[in-house]
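**Student:** Hey, dropping query_22.cif in here, mmCIF, C-alpha atoms:
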data_coords
#
loop_
_atom_site.label_atom_id
_atom_site.label_comp_id
_atom_site.auth_asym_id
_atom_site.auth_seq_id
_atom_site.Cartn_x
_atom_site.Cartn_y
_atom_site.Cartn_z
CA MET A 1 0.00 0.00 0.00
CA SER A 2 1.49 3.32 -1.05
CA VAL A 3 0.97 6.58 0.81
CA PRO A 4 0.20 9.69 -1.29
CA ARG A 5 2.97 12.27 -1.39
CA ALA A 6 0.73 15.08 -0.14
CA ARG A 7 0.06 13.13 3.03
CA LEU A 8 3.76 12.47 3.52
CA LEU A 9 4.45 16.19 3.09
CA ASP A 10 1.84 16.99 5.72
CA LEU A 11 3.54 14.58 8.07
CA MET A 12 6.88 16.20 7.35
CA ARG A 13 5.50 19.67 7.98
CA ALA A 14 3.98 18.58 11.28
CA ARG A 15 7.28 17.00 12.26
CA CYS A 16 9.17 20.19 11.46
CA GLU A 17 6.74 22.24 13.54
CA LEU A 18 7.08 19.86 16.43
CA PHE A 19 10.86 19.69 16.51
CA GLY A 20 11.50 23.27 15.45
CA THR A 21 13.31 22.43 12.22
CA THR A 22 12.87 24.15 8.87
CA PHE A 23 10.47 22.59 6.39
CA ASN A 24 12.45 21.91 3.23
CA PRO A 25 10.94 18.98 1.31
CA GLU A 26 12.98 19.56 -1.88
CA GLY A 27 16.23 19.33 0.05
CA LEU A 28 17.43 22.74 -1.19
CA ARG A 29 20.77 23.94 0.16
CA THR A 30 19.80 26.90 2.29
CA GLY A 31 22.95 27.01 4.36
CA ASN A 32 21.00 26.35 7.53
CA LYS A 33 23.64 24.03 8.85
CA ILE A 34 25.96 27.03 9.22
CA LEU A 35 23.36 28.81 11.34
CA ARG A 36 22.90 25.73 13.50
CA GLN A 37 26.59 25.52 14.35
CA ARG A 38 27.65 26.82 17.74
CA LEU A 39 30.28 29.51 18.05
CA LYS A 40 33.55 27.98 19.13
CA GLY A 41 35.50 31.22 19.51
CA PRO A 42 35.16 31.55 23.32
CA ALA A 43 36.35 27.98 23.85
CA LEU A 44 39.34 28.49 21.56
CA ALA A 45 40.27 31.86 23.02
CA SER A 46 40.39 30.50 26.57
CA TYR A 47 43.08 27.93 25.74
CA TYR A 48 46.00 29.70 27.38
CA PRO A 49 45.68 30.61 31.08
CA ARG A 50 45.20 34.35 31.54
CA LYS A 51 47.15 36.49 33.95
CA LEU A 52 44.96 36.99 36.99
CA VAL A 53 46.86 39.06 39.60
CA THR A 54 50.33 40.55 39.56
CA LEU A 55 52.59 41.64 42.37
CA ARG A 56 51.88 45.22 41.43
CA ASP A 57 48.18 44.63 42.16
CA PHE A 58 49.12 43.38 45.62
CA GLN A 59 51.26 46.43 46.24
CA ARG A 60 48.43 48.71 45.16
CA GLU A 61 45.94 46.86 47.39
CA PHE A 62 48.13 47.10 50.50
CA GLU A 63 49.26 50.68 49.96
CA PRO A 64 46.32 52.29 51.83
CA LEU A 65 47.03 50.04 54.82
CA GLN A 66 50.63 51.31 55.06
CA LEU A 67 51.89 47.82 54.28
CA GLU A 68 54.70 47.15 51.88
CA VAL A 69 54.90 44.10 49.66
CA GLU A 70 58.41 43.00 48.79
CA ASN A 71 59.20 42.00 45.25
CA GLU A 72 62.12 39.69 45.76
CA GLU A 73 62.91 39.19 42.10
CA GLU A 74 63.06 42.92 41.49
CA GLN A 75 65.30 43.42 44.54
CA ASP A 76 67.63 40.65 43.36
CA ARG A 77 67.85 42.29 39.97
CA LEU A 78 68.65 45.71 41.44
CA GLU A 79 71.28 44.19 43.75
CA HIS A 80 72.89 42.39 40.82
CA ILE A 81 73.01 45.62 38.81
CA ALA A 82 74.46 47.53 41.78
CA ALA A 83 77.18 44.87 42.15
CA LEU A 84 78.03 45.13 38.45
CA LYS A 85 78.20 48.92 38.67
CA ALA A 86 80.49 48.69 41.72
CA ARG A 87 82.89 46.54 39.71
CA GLY A 88 82.66 48.95 36.80
CA LYS A 89 81.01 46.32 34.61
CA GLY A 90 77.59 47.88 34.35
CA ALA A 91 75.76 48.66 31.16
CA PRO A 92 76.73 52.03 29.65
CA LYS A 93 74.44 55.03 29.86
CA LYS A 94 72.18 55.58 26.91
CA LYS A 95 73.80 57.74 24.26
CA ARG A 96 72.08 61.04 23.66
CA GLU A 97 71.98 62.05 20.03
CA ALA A 98 72.92 65.58 19.03
CA GLY A 99 69.72 66.01 17.01
CA GLY A 100 67.58 65.60 20.10
CA GLY A 101 65.08 63.26 18.48
CA ASP A 102 65.59 59.52 18.42
CA LYS A 103 65.93 58.88 14.73
CA LYS A 104 66.00 55.25 13.71
CA LYS A 105 68.50 54.37 11.05
CA ARG A 106 67.14 52.07 8.37
CA MET B 107 50.58 40.93 13.29
CA SER B 108 51.11 43.52 15.94
CA MET B 109 47.66 45.11 15.57
CA PHE B 110 46.06 41.95 16.93
CA ARG B 111 48.43 41.70 19.88
CA ALA B 112 47.23 42.83 23.30
CA LYS B 113 48.79 46.09 24.42
CA LYS B 114 49.61 44.56 27.77
CA LEU B 115 50.64 40.97 28.33
CA ASP B 116 47.54 39.06 29.40
CA LEU B 117 48.97 35.54 29.57
CA GLY B 118 49.81 33.76 32.79
CA CYS B 119 51.62 30.78 31.27
CA PHE B 120 55.00 30.38 29.62
CA THR B 121 55.30 33.03 26.92
CA ASN B 122 57.32 33.19 23.77
CA VAL B 123 56.54 34.91 20.52
CA ARG B 124 54.85 31.85 19.04
CA ILE B 125 52.48 31.56 21.97
CA LEU B 126 51.75 35.29 21.78
CA ARG B 127 51.03 34.96 18.09
CA ASP B 128 48.77 31.98 18.56
CA HIS B 129 46.94 33.76 21.37
CA SER B 130 46.37 36.84 19.21
CA LYS B 131 45.05 34.60 16.45
CA ARG B 132 42.62 32.98 18.84
CA LYS B 133 41.32 36.34 20.00
CA ALA B 134 41.08 37.65 16.43
CA PHE B 135 39.14 34.57 15.41
CA GLU B 136 36.79 34.94 18.35
CA ALA B 137 36.08 38.56 17.41
CA ALA B 138 35.50 37.79 13.74
CA GLU B 139 33.62 34.52 14.09
CA PRO B 140 30.05 35.89 13.73
CA GLU B 141 31.04 37.75 10.59
CA ARG B 142 32.72 34.67 9.14
CA GLN B 143 29.70 32.50 9.88
CA ALA B 144 27.36 35.05 8.28
CA LEU B 145 29.48 35.10 5.13
CA ARG B 146 29.65 31.31 5.14
CA TYR B 147 25.87 31.17 5.39
CA ILE B 148 25.45 33.50 2.42
CA ILE B 149 27.88 31.42 0.38
CA ARG B 150 26.17 28.12 1.18
CA ASN B 151 22.63 29.43 0.57
CA THR B 152 21.75 28.49 -3.02
CA LEU B 153 18.52 30.50 -2.89
CA LEU B 154 20.40 33.82 -2.87
CA PRO B 155 21.47 35.47 -6.14
CA ALA B 156 24.78 34.26 -7.53
CA ARG B 157 26.26 37.74 -7.42
CA THR B 158 25.65 38.15 -3.69
CA ARG B 159 27.23 34.79 -3.03
CA ALA B 160 30.26 35.60 -5.16
CA ILE B 161 30.75 38.88 -3.28
CA ALA B 162 30.49 37.03 0.02
CA GLN B 163 33.10 34.54 -1.19
CA LEU B 164 35.45 37.37 -2.05
CA GLN B 165 34.90 39.06 1.31
CA LEU B 166 35.56 35.85 3.18
CA THR B 167 38.79 35.20 1.33
CA GLN B 168 39.92 38.78 1.83
CA MET B 169 39.54 38.72 5.60
CA HIS B 170 42.79 38.81 7.53
CA CYS B 171 44.50 35.44 7.85
CA TYR B 172 44.59 35.87 11.66
CA THR B 173 40.79 35.56 11.74
CA ARG B 174 40.96 32.10 10.16
CA PRO B 175 40.39 29.14 12.48
CA THR B 176 42.88 26.98 10.59
CA GLN B 177 45.67 29.31 11.74
CA ILE B 178 45.13 28.27 15.35
CA ARG B 179 47.38 25.56 16.68
CA ASN B 180 47.46 24.08 20.15
CA ARG B 181 50.77 24.76 21.87
CA CYS B 182 52.33 23.55 25.10
CA ILE B 183 51.55 25.93 27.95
CA LEU B 184 54.77 24.99 29.72
CA GLY B 185 57.27 25.21 26.91
CA GLY B 186 55.51 26.59 23.86
CA LYS B 187 56.19 23.56 21.72
CA GLY B 188 53.85 23.05 18.78
CA ARG B 189 54.15 19.34 18.22
CA GLY B 190 53.24 16.31 20.28
CA ILE B 191 50.66 18.13 22.40
CA LEU B 192 48.25 16.17 24.57
CA ARG B 193 45.02 18.09 24.13
CA ASP B 194 43.56 17.13 27.51
CA PHE B 195 46.55 18.54 29.38
CA LYS B 196 47.61 21.29 26.91
CA MET B 197 51.16 20.04 27.31
CA SER B 198 53.82 18.55 25.10
CA ARG B 199 54.48 14.88 25.67
CA TYR B 200 57.75 15.45 27.52
CA ASN B 201 56.37 18.12 29.84
CA PHE B 202 53.35 15.90 30.43
CA ARG B 203 55.64 13.05 31.45
CA MET B 204 57.62 15.25 33.83
CA GLN B 205 54.49 16.68 35.46
CA ALA B 206 52.84 13.28 35.69
CA LEU B 207 55.89 11.69 37.32
CA GLU B 208 56.03 14.54 39.83
CA GLY B 209 52.38 13.89 40.62
CA ASN B 210 51.16 17.34 39.57
CA LEU B 211 48.39 15.94 37.37
CA PRO B 212 45.53 14.57 39.43
CA GLY B 213 44.39 11.13 38.36
CA VAL B 214 47.36 10.44 36.11
CA LYS B 215 49.35 7.37 37.05
CA LYS B 216 52.13 5.45 35.39
CA ALA B 217 50.78 2.21 34.00
CA SER B 218 52.28 -1.01 35.23
CA TRP B 219 50.98 -4.55 34.86
#
Could you take the file, read its structure, and then write that structure out as structure tokens?
**Tutor:**
Amino acid sequence: MSVPRARLLDLMRARCELFGTTFNPEGLRTGNKILRQRLKGPALASYYPRKLVTLRDFQREFEPLQLEVENEEEQDRLEHIAALKARGKGAPKKKREAGGGDKKKR
Amino acid sequence: MSMFRAKKLDLGCFTNVRILRDHSKRKAFEAAEPERQALRYIIRNTLLPARTRAIAQLQLTQMHCYTRPTQIRNRCILGGKGRGILRDFKMSRYNFRMQALEGNLPGVKKASW
């Protein structure tokens, strides 16, 4: 027993209404599958861990309370530079050009 | 490209220029994704006039390469390596081994039978 096409189409339309899909009996390419896709940008962009707080934030937070936060790495660096300078091995001072502006040579 | 790079470093993991580049690409893709999907829809829709679709094709190909998802590559967050990355741990296979042996990865255990 064969079912008439009109009846099948009615069934299809009812199905589309029920499940919220688009009624497209001819199977035309309407590009709907692109619209159905979810955006994956947020998931991709959160791959690398972001910087949350820095030592500078801590220092700023504790400043009103008259508390000082020590940055050990920075102190080590300054000590190292001071030791170099004392031995006369420090980096030279930046040269000041006669023109005044910092022209880049290409 | 420097115009996509964040003005201030916003990464908390190991950073080298390749990671920075990849991160900028990810953010550029995220920003341009709706536009790309709209163009892709216009291109795929056969009911629209051929001229509109051709223009959309041109626009999509002329978008900056940093907004393309194929430019994104998973890199190791501990060493920046681009090959041999375990997706679940975002680490290269050697760094994964080191972390797993140290016991820093919960639930990961060396197999033995």
**Student:** What's the separation between CA of Arg132 (chain B) and CA of Asn210 (chain B), in Å to one decimal place?
**Tutor:**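 Computing it gives 27.3 Å between the two atoms.
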**Student:** Write out as a PyMOL selection string every residue belonging to chain B that has an atom at most 9 Å from any atom of chain A, counting all atoms listed in the file.
**Tutor:** chain B and resi 115-119+125+129-140+143-144+146-154+175+178+180-181+183+196
**Student:** Applied to this file, what does the PyMOL selection byres ((chain B and resi 200) around 12) return in terms of residues, put as JSON, numbers by chain?
**Tutor:** {"B": [182, 184, 185, 186, 187, 189, 190, 191, 192, 195, 196, 197, 198, 199, 201, 202, 203, 204, 205, 206, 207]}
**Student:** Enclose the full set of atoms of region 26-32 of chain A listed in the file within a box whose edges lie along x, y and z, apply 6 Å of padding to each of the six sides, and report centre and edge lengths in Å to one decimal as AutoDock Vina command-line options.
**Tutor:**
--center_x 18.0 --center_y 23.2 --center_z 2.8 --size_x 22.0 --size_y 19.7 --size_z 21.4
**Student:** Please reconstruct the missing atoms of region 167-178 of chain B (target: all heavy atoms) and return them as a PDB file, in the frame of the given file.
**Tutor:**
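What follows is the written file selection-v1.pdb:
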ATOM      1  N   THR B 167      37.391  35.493   1.628  1.00  0.00           N
ATOM      2  CA  THR B 167      38.790  35.200   1.330  1.00  0.00           C
ATOM      3  C   THR B 167      39.686  36.385   1.623  1.00  0.00           C
ATOM      4  O   THR B 167      40.877  36.219   1.850  1.00  0.00           O
ATOM      5  CB  THR B 167      38.986  34.800  -0.144  1.00  0.00           C
ATOM      6  OG1 THR B 167      38.375  35.787  -0.946  1.00  0.00           O
ATOM      7  CG2 THR B 167      38.399  33.450  -0.422  1.00  0.00           C
ATOM      8  N   GLN B 168      39.082  37.600   1.610  1.00  0.00           N
ATOM      9  CA  GLN B 168      39.920  38.780   1.830  1.00  0.00           C
ATOM     10  C   GLN B 168      40.011  39.179   3.291  1.00  0.00           C
ATOM     11  O   GLN B 168      40.666  40.164   3.612  1.00  0.00           O
ATOM     12  CB  GLN B 168      39.399  39.953   0.996  1.00  0.00           C
ATOM     13  CG  GLN B 168      39.898  39.855  -0.433  1.00  0.00           C
ATOM     14  CD  GLN B 168      39.201  40.803  -1.362  1.00  0.00           C
ATOM     15  OE1 GLN B 168      38.379  41.604  -0.922  1.00  0.00           O
ATOM     16  NE2 GLN B 168      39.522  40.703  -2.638  1.00  0.00           N
ATOM     17  N   MET B 169      39.370  38.412   4.174  1.00  0.00           N
ATOM     18  CA  MET B 169      39.540  38.720   5.600  1.00  0.00           C
ATOM     19  C   MET B 169      40.968  38.381   6.012  1.00  0.00           C
ATOM     20  O   MET B 169      41.625  37.554   5.370  1.00  0.00           O
ATOM     21  CB  MET B 169      38.547  37.901   6.434  1.00  0.00           C
ATOM     22  CG  MET B 169      37.150  38.465   6.380  1.00  0.00           C
ATOM     23  SD  MET B 169      36.012  37.511   7.319  1.00  0.00           S
ATOM     24  CE  MET B 169      36.331  38.150   8.943  1.00  0.00           C
ATOM     25  N   HIS B 170      41.399  39.012   7.103  1.00  0.00           N
ATOM     26  CA  HIS B 170      42.790  38.810   7.530  1.00  0.00           C
ATOM     27  C   HIS B 170      43.037  37.360   7.907  1.00  0.00           C
ATOM     28  O   HIS B 170      42.129  36.703   8.436  1.00  0.00           O
ATOM     29  CB  HIS B 170      43.094  39.720   8.722  1.00  0.00           C
ATOM     30  CG  HIS B 170      44.558  39.918   8.928  1.00  0.00           C
ATOM     31  ND1 HIS B 170      45.324  38.976   9.569  1.00  0.00           N
ATOM     32  CD2 HIS B 170      45.400  40.905   8.563  1.00  0.00           C
ATOM     33  CE1 HIS B 170      46.567  39.404   9.595  1.00  0.00           C
ATOM     34  NE2 HIS B 170      46.640  40.576   9.001  1.00  0.00           N
ATOM     35  N   CYS B 171      44.227  36.865   7.613  1.00  0.00           N
ATOM     36  CA  CYS B 171      44.500  35.440   7.850  1.00  0.00           C
ATOM     37  C   CYS B 171      44.452  35.114   9.346  1.00  0.00           C
ATOM     38  O   CYS B 171      44.218  33.964   9.717  1.00  0.00           O
ATOM     39  CB  CYS B 171      45.828  35.035   7.244  1.00  0.00           C
ATOM     40  SG  CYS B 171      47.251  35.749   8.055  1.00  0.00           S
ATOM     41  N   TYR B 172      44.640  36.141  10.218  1.00  0.00           N
ATOM     42  CA  TYR B 172      44.590  35.870  11.660  1.00  0.00           C
ATOM     43  C   TYR B 172      43.181  35.518  12.120  1.00  0.00           C
ATOM     44  O   TYR B 172      43.006  34.982  13.192  1.00  0.00           O
ATOM     45  CB  TYR B 172      45.095  37.075  12.454  1.00  0.00           C
ATOM     46  CG  TYR B 172      46.569  37.031  12.755  1.00  0.00           C
ATOM     47  CD1 TYR B 172      47.470  36.557  11.807  1.00  0.00           C
ATOM     48  CD2 TYR B 172      47.061  37.444  13.977  1.00  0.00           C
ATOM     49  CE1 TYR B 172      48.809  36.517  12.075  1.00  0.00           C
ATOM     50  CE2 TYR B 172      48.409  37.400  14.253  1.00  0.00           C
ATOM     51  CZ  TYR B 172      49.279  36.943  13.296  1.00  0.00           C
ATOM     52  OH  TYR B 172      50.615  36.889  13.574  1.00  0.00           O
ATOM     53  N   THR B 173      42.162  35.872  11.331  1.00  0.00           N
ATOM     54  CA  THR B 173      40.790  35.560  11.740  1.00  0.00           C
ATOM     55  C   THR B 173      40.356  34.181  11.263  1.00  0.00           C
ATOM     56  O   THR B 173      39.199  33.821  11.397  1.00  0.00           O
ATOM     57  CB  THR B 173      39.816  36.594  11.161  1.00  0.00           C
ATOM     58  OG1 THR B 173      39.889  36.533   9.733  1.00  0.00           O
ATOM     59  CG2 THR B 173      40.145  37.981  11.611  1.00  0.00           C
ATOM     60  N   ARG B 174      41.296  33.417  10.701  1.00  0.00           N
ATOM     61  CA  ARG B 174      40.960  32.100  10.160  1.00  0.00           C
ATOM     62  C   ARG B 174      41.173  31.032  11.225  1.00  0.00           C
ATOM     63  O   ARG B 174      42.224  31.015  11.870  1.00  0.00           O
ATOM     64  CB  ARG B 174      41.907  31.821   8.986  1.00  0.00           C
ATOM     65  CG  ARG B 174      41.194  31.439   7.728  1.00  0.00           C
ATOM     66  CD  ARG B 174      42.144  31.448   6.580  1.00  0.00           C
ATOM     67  NE  ARG B 174      41.999  32.658   5.791  1.00  0.00           N
ATOM     68  CZ  ARG B 174      42.910  33.071   4.919  1.00  0.00           C
ATOM     69  NH1 ARG B 174      44.018  32.406   4.748  1.00  0.00           N
ATOM     70  NH2 ARG B 174      42.693  34.157   4.224  1.00  0.00           N
ATOM     71  N   PRO B 175      40.206  30.144  11.412  1.00  0.00           N
ATOM     72  CA  PRO B 175      40.390  29.140  12.480  1.00  0.00           C
ATOM     73  C   PRO B 175      41.500  28.143  12.181  1.00  0.00           C
ATOM     74  O   PRO B 175      42.057  27.558  13.112  1.00  0.00           O
ATOM     75  CB  PRO B 175      39.034  28.447  12.546  1.00  0.00           C
ATOM     76  CG  PRO B 175      38.390  28.718  11.241  1.00  0.00           C
ATOM     77  CD  PRO B 175      38.881  30.036  10.785  1.00  0.00           C
ATOM     78  N   THR B 176      41.840  27.964  10.904  1.00  0.00           N
ATOM     79  CA  THR B 176      42.880  26.980  10.590  1.00  0.00           C
ATOM     80  C   THR B 176      44.260  27.469  10.996  1.00  0.00           C
ATOM     81  O   THR B 176      45.213  26.701  11.007  1.00  0.00           O
ATOM     82  CB  THR B 176      42.907  26.682   9.095  1.00  0.00           C
ATOM     83  OG1 THR B 176      42.964  27.917   8.397  1.00  0.00           O
ATOM     84  CG2 THR B 176      41.683  25.915   8.679  1.00  0.00           C
ATOM     85  N   GLN B 177      44.361  28.778  11.333  1.00  0.00           N
ATOM     86  CA  GLN B 177      45.670  29.310  11.740  1.00  0.00           C
ATOM     87  C   GLN B 177      45.994  28.955  13.185  1.00  0.00           C
ATOM     88  O   GLN B 177      47.128  29.072  13.614  1.00  0.00           O
ATOM     89  CB  GLN B 177      45.646  30.838  11.611  1.00  0.00           C
ATOM     90  CG  GLN B 177      45.604  31.332  10.196  1.00  0.00           C
ATOM     91  CD  GLN B 177      46.983  31.545   9.644  1.00  0.00           C
ATOM     92  OE1 GLN B 177      47.878  31.928  10.373  1.00  0.00           O
ATOM     93  NE2 GLN B 177      47.173  31.276   8.377  1.00  0.00           N
ATOM     94  N   ILE B 178      44.959  28.534  13.919  1.00  0.00           N
ATOM     95  CA  ILE B 178      45.130  28.270  15.350  1.00  0.00           C
ATOM     96  C   ILE B 178      45.750  26.897  15.541  1.00  0.00           C
ATOM     97  O   ILE B 178      45.363  25.922  14.881  1.00  0.00           O
ATOM     98  CB  ILE B 178      43.780  28.368  16.065  1.00  0.00           C
ATOM     99  CG1 ILE B 178      43.285  29.806  16.026  1.00  0.00           C
ATOM    100  CG2 ILE B 178      43.885  27.885  17.486  1.00  0.00           C
ATOM    101  CD1 ILE B 178      41.886  29.972  16.497  1.00  0.00           C
TER     102      ILE B 178
END
